[in-house]
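J.: Provided herewith is a single structure, encoded as structure tokens, for subsequent inquiry.
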Amino acid sequence: MLSSFFSLAQAEESSQLPGLRLKLDFNFSYQPVLSPPAKKAAPVLENSADTGMMETRADVVGEGDQLIITVFGQPDLSADVVVGSMGIITLPLVGAMEVKGKSTMDVAIQFANKLEQGQYLINPKVAVRIGQQISRNFSVFGEVVRPGRFPMQGQLNVLDALSLAGGLTTRADKSVKLLRKNVGTDQEAAEVDTMQIEFESNKNSEKLMQKILPNDVLVVGQQKTFYVYGEVRRPGSYPMEEAMNVMRVLAVGGGVSERGSSSRIVIHRKDKHGELIEMPANIKDVVLPGDVVVVNERIF
């Protein structure tokens with residue numbers, strides 16, 4: 001009796017659709033339960049960066065870039081390569097691959113697909129990152145210790161860029177200009193931002209922490225100065241300050257000496273044509289960058 005029931009159950013099972021199996025209970029009744037359809041395994045790709053985030057321009061591969069490629073569980077297939085002049089790299093088993101203009105994620109997907117299509121690996125996991133980015137540089141000029149061009153090494157902000165250039169010199173101005181060229185145009189780089197380096201204040205922290213893009217140029221100007229000579233106690237060149245006038249110039253210069261006269265002060269200044277002019281001044285007159293304030297001797 002029992003054997004005939006199982007024979008009947010097997011016959012009914014064979015007549016069901018594929019993927020249908022029988023579930024027997026203790027009362028020898030059965031209920032059809034659909035099995036989940038089998039899913040084809042797809043290659044799982046991993047990248048050293050967050051794959052959910054948008055690729056930035058700094059992640060694009062170019063000529064001369066160093067690519068560090070890792071195939072997890074397969075150290076013999078991992079590689080540390082430099083992109084050639086034609087934008088091509090050579091990898092184990094798959095040979096030459098064109099990578100110029102592609103993101104690191106695109107390169108990882110391309111390599112993984114070639115490994116799987118060539119039946120070298122099943123479900124390969126590949127990570128690609130840029131070790132040193134020669135193709136994309138940024139420049140720092142002006143009053144920094146080491147001006148020049150620097151390769152992009154990951155994501156850098158303005159402070160990182162100034163640090164790589166050795167920091168500011170003692171003659172550096174507090175303002176930094178950021179020049180940027182529009183991508184895909186032949187236009188010259190244009191000034192997009194000017195920021196003040198004031199570590200005591202947080203008002204410029206967002207600007208100083210903004211990301212540097214490839215081919216950006218940072219320009220640190222020379223500190224603006226004025227000069228005070230003649231009958232003062234500390235003649236010389238001094239950095240400009242806000243709302244500078246003759247009275248403050250005399251204070252910075254140590255005051256008028258015993259032989260000087262505060263009523264015989266002149267300012268030497270260049271006009272818009274570059275000609276040097278001389279003008280009498282009183283203690284309330286405004287002093288501009290580059291002015292030369294001269295205190296003459298008193299008349300006895």
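The chains in the structure tokens are called A, B, ... from first to last as shown; in each chain the residues are counted from 1, and the ligands are counted from 1 in the order shown.
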Identify, with DSSP run on backbone atoms, the residues in range 58-136 of chain A assigned to strand (DSSP E or B), and express the list as a short mmCIF file (atom, residue, chain, number, x, y, z; two decimals) with all heavy atoms, in the first residue's frame.
T.:
data_model
loop_
_atom_site.label_atom_id
_atom_site.label_comp_id
_atom_site.auth_asym_id
_atom_site.auth_seq_id
_atom_site.Cartn_x
_atom_site.Cartn_y
_atom_site.Cartn_z
N VAL A 60 40.06 59.56 -13.76
CA VAL A 60 40.20 59.20 -15.17
C VAL A 60 41.66 58.89 -15.48
O VAL A 60 42.56 59.62 -15.08
CB VAL A 60 39.69 60.34 -16.07
CG1 VAL A 60 39.90 59.99 -17.54
CG2 VAL A 60 38.22 60.60 -15.79
N GLN A 66 50.23 55.59 -13.14
CA GLN A 66 50.53 54.30 -12.53
C GLN A 66 49.22 53.67 -12.06
O GLN A 66 48.48 54.26 -11.28
CB GLN A 66 51.48 54.46 -11.34
CG GLN A 66 51.77 53.17 -10.60
CD GLN A 66 52.42 53.40 -9.25
OE1 GLN A 66 52.32 54.49 -8.69
NE2 GLN A 66 53.09 52.39 -8.72
N LEU A 67 48.94 52.46 -12.53
CA LEU A 67 47.74 51.72 -12.14
C LEU A 67 48.14 50.52 -11.28
O LEU A 67 49.00 49.73 -11.68
CB LEU A 67 46.96 51.25 -13.36
CG LEU A 67 46.36 52.32 -14.27
CD1 LEU A 67 45.56 51.67 -15.38
CD2 LEU A 67 45.50 53.29 -13.49
N ILE A 68 47.52 50.41 -10.14
CA ILE A 68 47.73 49.26 -9.26
C ILE A 68 46.48 48.39 -9.35
O ILE A 68 45.41 48.77 -8.89
CB ILE A 68 47.99 49.72 -7.82
CG1 ILE A 68 49.25 50.60 -7.78
CG2 ILE A 68 48.15 48.51 -6.90
CD1 ILE A 68 49.53 51.21 -6.43
N ILE A 69 46.63 47.22 -9.98
CA ILE A 69 45.50 46.34 -10.28
C ILE A 69 45.62 45.10 -9.41
O ILE A 69 46.66 44.43 -9.39
CB ILE A 69 45.48 45.97 -11.77
CG1 ILE A 69 45.41 47.24 -12.62
CG2 ILE A 69 44.33 45.03 -12.08
CD1 ILE A 69 45.54 46.99 -14.10
N THR A 70 44.55 44.80 -8.70
CA THR A 70 44.53 43.65 -7.79
C THR A 70 43.41 42.70 -8.21
O THR A 70 42.25 43.12 -8.34
CB THR A 70 44.31 44.10 -6.34
OG1 THR A 70 45.33 45.03 -5.97
CG2 THR A 70 44.35 42.91 -5.40
N VAL A 71 43.76 41.42 -8.40
CA VAL A 71 42.77 40.36 -8.62
C VAL A 71 42.75 39.55 -7.33
O VAL A 71 43.72 38.85 -7.00
CB VAL A 71 43.13 39.48 -9.83
CG1 VAL A 71 42.06 38.42 -10.04
CG2 VAL A 71 43.28 40.33 -11.08
N ALA A 79 48.77 43.33 -10.93
CA ALA A 79 49.82 44.02 -11.69
C ALA A 79 49.96 45.46 -11.20
O ALA A 79 49.02 46.07 -10.68
CB ALA A 79 49.49 44.00 -13.19
N ASP A 80 51.17 45.97 -11.39
CA ASP A 80 51.49 47.38 -11.14
C ASP A 80 52.08 47.90 -12.45
O ASP A 80 53.23 47.62 -12.77
CB ASP A 80 52.48 47.51 -9.98
CG ASP A 80 52.75 48.95 -9.59
OD1 ASP A 80 52.45 49.85 -10.40
OD2 ASP A 80 53.27 49.19 -8.49
N VAL A 81 51.27 48.63 -13.21
CA VAL A 81 51.66 49.01 -14.57
C VAL A 81 51.59 50.51 -14.75
O VAL A 81 50.95 51.22 -13.97
CB VAL A 81 50.76 48.30 -15.62
CG1 VAL A 81 50.94 46.81 -15.56
CG2 VAL A 81 49.31 48.68 -15.41
N VAL A 82 52.27 50.98 -15.80
CA VAL A 82 52.24 52.39 -16.19
C VAL A 82 51.61 52.49 -17.57
O VAL A 82 51.97 51.74 -18.49
CB VAL A 82 53.66 53.00 -16.19
CG1 VAL A 82 53.63 54.43 -16.71
CG2 VAL A 82 54.27 52.96 -14.80
N ILE A 88 47.72 52.45 -23.59
CA ILE A 88 47.53 51.00 -23.53
C ILE A 88 48.38 50.41 -22.41
O ILE A 88 49.51 50.85 -22.17
CB ILE A 88 47.89 50.35 -24.88
CG1 ILE A 88 46.93 50.83 -25.97
CG2 ILE A 88 47.87 48.83 -24.79
CD1 ILE A 88 47.28 50.34 -27.36
N ILE A 89 47.83 49.41 -21.72
CA ILE A 89 48.57 48.64 -20.74
C ILE A 89 48.53 47.17 -21.15
O ILE A 89 47.67 46.74 -21.92
CB ILE A 89 48.00 48.80 -19.31
CG1 ILE A 89 46.53 48.33 -19.27
CG2 ILE A 89 48.12 50.25 -18.84
CD1 ILE A 89 45.93 48.35 -17.86
N THR A 90 49.48 46.39 -20.63
CA THR A 90 49.54 44.96 -20.90
C THR A 90 49.38 44.21 -19.59
O THR A 90 50.14 44.44 -18.63
CB THR A 90 50.87 44.57 -21.57
OG1 THR A 90 51.01 45.31 -22.78
CG2 THR A 90 50.90 43.08 -21.88
N LEU A 91 48.39 43.30 -19.54
CA LEU A 91 48.06 42.58 -18.31
C LEU A 91 48.22 41.08 -18.54
O LEU A 91 48.14 40.59 -19.67
CB LEU A 91 46.63 42.89 -17.88
CG LEU A 91 46.36 44.35 -17.50
CD1 LEU A 91 44.89 44.56 -17.18
CD2 LEU A 91 47.23 44.79 -16.33
N GLY A 95 46.53 40.23 -22.21
CA GLY A 95 47.32 41.03 -23.14
C GLY A 95 47.04 42.51 -23.05
O GLY A 95 46.82 43.07 -21.98
N ALA A 96 47.02 43.19 -24.21
CA ALA A 96 46.91 44.64 -24.27
C ALA A 96 45.47 45.09 -24.02
O ALA A 96 44.51 44.46 -24.47
CB ALA A 96 47.39 45.16 -25.61
N MET A 97 45.35 46.19 -23.28
CA MET A 97 44.05 46.82 -23.02
C MET A 97 44.19 48.32 -23.17
O MET A 97 45.14 48.91 -22.65
CB MET A 97 43.55 46.50 -21.60
CG MET A 97 42.89 45.15 -21.45
SD MET A 97 42.37 44.83 -19.73
CE MET A 97 41.76 46.43 -19.22
N GLU A 98 43.24 48.94 -23.87
CA GLU A 98 43.24 50.39 -23.99
C GLU A 98 42.46 50.99 -22.82
O GLU A 98 41.29 50.68 -22.62
CB GLU A 98 42.60 50.82 -25.32
CG GLU A 98 42.68 52.32 -25.55
CD GLU A 98 42.15 52.73 -26.91
OE1 GLU A 98 41.85 51.83 -27.72
OE2 GLU A 98 42.05 53.94 -27.17
N SER A 103 37.60 55.48 -16.50
CA SER A 103 37.71 55.56 -15.04
C SER A 103 38.32 54.26 -14.52
O SER A 103 38.38 53.24 -15.22
CB SER A 103 36.34 55.79 -14.41
OG SER A 103 35.52 54.64 -14.58
N VAL A 126 38.01 42.23 -9.12
CA VAL A 126 39.13 43.08 -9.53
C VAL A 126 38.99 44.46 -8.90
O VAL A 126 37.89 45.02 -8.85
CB VAL A 126 39.18 43.21 -11.08
CG1 VAL A 126 40.34 44.10 -11.50
CG2 VAL A 126 39.29 41.83 -11.73
N ALA A 127 40.10 44.99 -8.44
CA ALA A 127 40.15 46.36 -7.92
C ALA A 127 41.25 47.12 -8.66
O ALA A 127 42.33 46.58 -8.90
CB ALA A 127 40.42 46.37 -6.42
N VAL A 128 40.98 48.35 -9.01
CA VAL A 128 41.95 49.19 -9.71
C VAL A 128 42.00 50.55 -9.01
O VAL A 128 40.96 51.14 -8.73
CB VAL A 128 41.57 49.39 -11.19
CG1 VAL A 128 42.56 50.32 -11.88
CG2 VAL A 128 41.53 48.05 -11.91
N ARG A 129 43.19 51.02 -8.77
CA ARG A 129 43.37 52.37 -8.23
C ARG A 129 44.58 53.02 -8.89
O ARG A 129 45.47 52.32 -9.40
CB ARG A 129 43.53 52.37 -6.71
CG ARG A 129 44.80 51.73 -6.20
CD ARG A 129 44.84 51.75 -4.68
NE ARG A 129 46.03 51.11 -4.14
CZ ARG A 129 47.18 51.73 -3.93
NH1 ARG A 129 47.29 53.03 -4.23
NH2 ARG A 129 48.22 51.10 -3.43
N ILE A 130 44.58 54.33 -8.89
CA ILE A 130 45.68 55.09 -9.47
C ILE A 130 46.71 55.38 -8.39
O ILE A 130 46.39 56.02 -7.39
CB ILE A 130 45.17 56.40 -10.10
CG1 ILE A 130 44.18 56.10 -11.22
CG2 ILE A 130 46.34 57.23 -10.63
CD1 ILE A 130 43.59 57.33 -11.86
N GLY A 131 47.92 54.87 -8.60
CA GLY A 131 48.98 55.12 -7.63
C GLY A 131 49.54 56.52 -7.74
O GLY A 131 49.55 57.29 -6.78
N GLN A 132 49.99 56.88 -8.92
CA GLN A 132 50.51 58.22 -9.17
C GLN A 132 49.97 58.70 -10.51
O GLN A 132 50.10 58.03 -11.52
CB GLN A 132 52.04 58.24 -9.19
CG GLN A 132 52.63 59.64 -9.20
CD GLN A 132 54.14 59.62 -9.02
OE1 GLN A 132 54.79 58.61 -9.30
NE2 GLN A 132 54.70 60.71 -8.57
N GLN A 133 49.34 59.86 -10.48
CA GLN A 133 48.66 60.36 -11.68
C GLN A 133 49.52 61.42 -12.35
O GLN A 133 49.47 62.59 -12.02
CB GLN A 133 47.29 60.92 -11.30
CG GLN A 133 46.35 61.04 -12.48
CD GLN A 133 44.92 61.25 -12.03
OE1 GLN A 133 44.68 61.87 -11.01
NE2 GLN A 133 43.97 60.74 -12.78
N ILE A 134 50.31 60.97 -13.33
CA ILE A 134 51.20 61.87 -14.05
C ILE A 134 50.44 62.66 -15.09
O ILE A 134 50.77 63.82 -15.38
CB ILE A 134 52.35 61.07 -14.70
CG1 ILE A 134 53.13 60.29 -13.64
CG2 ILE A 134 53.27 62.00 -15.47
CD1 ILE A 134 53.78 61.17 -12.59
N SER A 135 49.42 62.05 -15.67
CA SER A 135 48.71 62.70 -16.78
C SER A 135 47.93 63.92 -16.32
O SER A 135 47.63 64.80 -17.11
CB SER A 135 47.75 61.71 -17.45
OG SER A 135 46.72 61.32 -16.56
N ARG A 136 47.58 63.96 -15.05
CA ARG A 136 46.78 65.07 -14.54
C ARG A 136 47.54 65.74 -13.41
O ARG A 136 47.77 65.13 -12.37
CB ARG A 136 45.40 64.58 -14.09
CG ARG A 136 44.60 64.03 -15.26
CD ARG A 136 43.23 63.56 -14.84
NE ARG A 136 42.52 63.06 -16.01
CZ ARG A 136 41.73 63.82 -16.77
NH1 ARG A 136 41.54 65.08 -16.47
NH2 ARG A 136 41.13 63.30 -17.82
#
J.: Please provide as number ranges by chain all residues within 7 Å of Glu231 in chain A, with the sequence filter that same-chain residues fewer than 6 positions apart are discarded (counting only C-alpha atoms).
T.: A: 256-257, 259-260, 295-297
J.: If you keep N, CA and C atoms, can you produce a file of those selected residues as an mmCIF file, in the first residue's frame?
T.:
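What follows is the written file selection25.cif:
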data_model
loop_
_atom_site.group_PDB
_atom_site.id
_atom_site.type_symbol
_atom_site.label_atom_id
_atom_site.label_comp_id
_atom_site.auth_asym_id
_atom_site.auth_seq_id
_atom_site.Cartn_x
_atom_site.Cartn_y
_atom_site.Cartn_z
ATOM 1 N N VAL A 256 58.142 109.658 14.684
ATOM 2 C CA VAL A 256 59.033 110.672 14.116
ATOM 3 C C VAL A 256 60.209 110.888 15.071
ATOM 4 N N SER A 257 61.404 110.977 14.498
ATOM 5 C CA SER A 257 62.600 111.205 15.317
ATOM 6 C C SER A 257 62.640 112.658 15.809
ATOM 7 N N ARG A 259 64.607 114.919 15.016
ATOM 8 C CA ARG A 259 64.900 115.892 13.958
ATOM 9 C C ARG A 259 63.811 115.962 12.908
ATOM 10 N N GLY A 260 62.846 115.097 12.989
ATOM 11 C CA GLY A 260 61.799 115.059 11.979
ATOM 12 C C GLY A 260 60.642 115.980 12.292
ATOM 13 N N VAL A 295 59.517 111.252 5.685
ATOM 14 C CA VAL A 295 59.419 112.284 6.721
ATOM 15 C C VAL A 295 60.676 113.142 6.645
ATOM 16 N N ASN A 296 60.490 114.419 6.330
ATOM 17 C CA ASN A 296 61.647 115.328 6.189
ATOM 18 C C ASN A 296 62.036 115.953 7.529
ATOM 19 N N GLU A 297 63.237 116.511 7.528
ATOM 20 C CA GLU A 297 63.717 117.188 8.730
ATOM 21 C C GLU A 297 62.914 118.459 8.978
#
J.: From the DSSP assignment of the backbone, select every residue of range 86-141 of chain A that is helix (DSSP H, G or I), and format the answer as a list in words.
T.: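 Across range 86-141 of chain A, those assigned helix (DSSP H, G or I) are Thr104, Met105, Asp106, Val107, Ala108, Ile109, Gln110, Phe111, Ala112, Asn113, Lys114, Leu115, Glu116 and Gln117 of chain A.
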J.: Can you work out which one of A:Asp216, A:Asp271, A:Asp76, A:Glu241 has the shortest atom-to-atom distance to Val192 in chain A, counting only C-alpha atoms?
T.: A:Asp216
J.: Would you list the contacts of Leu178 in chain A as a PyMOL selection string, taking every protein, DNA or RNA residue within 12 Å and counting only C-alpha atoms, but skipping same-chain residues closer than 5 positions in sequence?
T.: chain A and resi 138-141+157-158+161-162+189-196+207-208+210-213+215-221
J.: Print the selection's residues with C-alpha atoms to a file, as a PDB file, in the first residue's frame.
T.:
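Final file, result_21.pdb:
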ATOM      1  CA  PHE A 138      48.085  70.923 -10.837  1.00  0.00           C
ATOM      2  CA  SER A 139      50.394  73.916 -10.485  1.00  0.00           C
ATOM      3  CA  VAL A 140      51.322  76.201  -7.622  1.00  0.00           C
ATOM      4  CA  PHE A 141      53.158  79.435  -8.440  1.00  0.00           C
ATOM      5  CA  ASN A 157      42.169  70.367  -1.421  1.00  0.00           C
ATOM      6  CA  VAL A 158      43.720  73.842  -1.546  1.00  0.00           C
ATOM      7  CA  ALA A 161      48.249  71.645  -2.603  1.00  0.00           C
ATOM      8  CA  LEU A 162      49.977  74.473  -0.733  1.00  0.00           C
ATOM      9  CA  ALA A 189      42.523  79.547 -17.533  1.00  0.00           C
ATOM     10  CA  ALA A 190      40.335  82.077 -15.768  1.00  0.00           C
ATOM     11  CA  GLU A 191      40.194  83.078 -12.125  1.00  0.00           C
ATOM     12  CA  VAL A 192      37.352  81.251 -10.418  1.00  0.00           C
ATOM     13  CA  ASP A 193      38.014  82.036  -6.767  1.00  0.00           C
ATOM     14  CA  THR A 194      40.117  84.126  -4.415  1.00  0.00           C
ATOM     15  CA  MET A 195      40.488  83.070  -0.811  1.00  0.00           C
ATOM     16  CA  GLN A 196      42.140  84.503   2.263  1.00  0.00           C
ATOM     17  CA  LYS A 207      37.039  77.632   0.276  1.00  0.00           C
ATOM     18  CA  LEU A 208      40.370  76.351   1.567  1.00  0.00           C
ATOM     19  CA  GLN A 210      37.554  72.767  -1.759  1.00  0.00           C
ATOM     20  CA  LYS A 211      38.870  70.060  -4.064  1.00  0.00           C
ATOM     21  CA  ILE A 212      41.630  70.703  -6.571  1.00  0.00           C
ATOM     22  CA  LEU A 213      40.849  69.498 -10.093  1.00  0.00           C
ATOM     23  CA  ASN A 215      45.146  71.315 -14.456  1.00  0.00           C
ATOM     24  CA  ASP A 216      44.141  73.814 -11.757  1.00  0.00           C
ATOM     25  CA  VAL A 217      46.596  76.624 -11.006  1.00  0.00           C
ATOM     26  CA  LEU A 218      47.076  78.212  -7.580  1.00  0.00           C
ATOM     27  CA  VAL A 219      48.804  81.583  -7.477  1.00  0.00           C
ATOM     28  CA  VAL A 220      50.112  83.012  -4.212  1.00  0.00           C
ATOM     29  CA  GLY A 221      50.920  86.682  -4.639  1.00  0.00           C
TER      30      GLY A 221
END
J.: Nearest residue to Val286 in chain A out of A:Arg264, A:Ala243, A:Lys272, A:Asp173, using only C-alpha atoms?
T.: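 Among the listed residues, the smallest separation from Val286 in chain A belongs to A:Ala243.
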J.: Mind checking which residues fall within 12 Å of Asp291 in chain A, counting only C-alpha atoms, ignoring those fewer than 6 positions away in the same chain, and posting them as a PyMOL selection string?
T.: chain A and resi 224-229+236-240+244-246+249+266-271+276-279+281+285
J.: Please compute the CA of Val145 in chain A-CA of Gly166 in chain A distance, one decimal, in Å.
T.: 4.9 Å
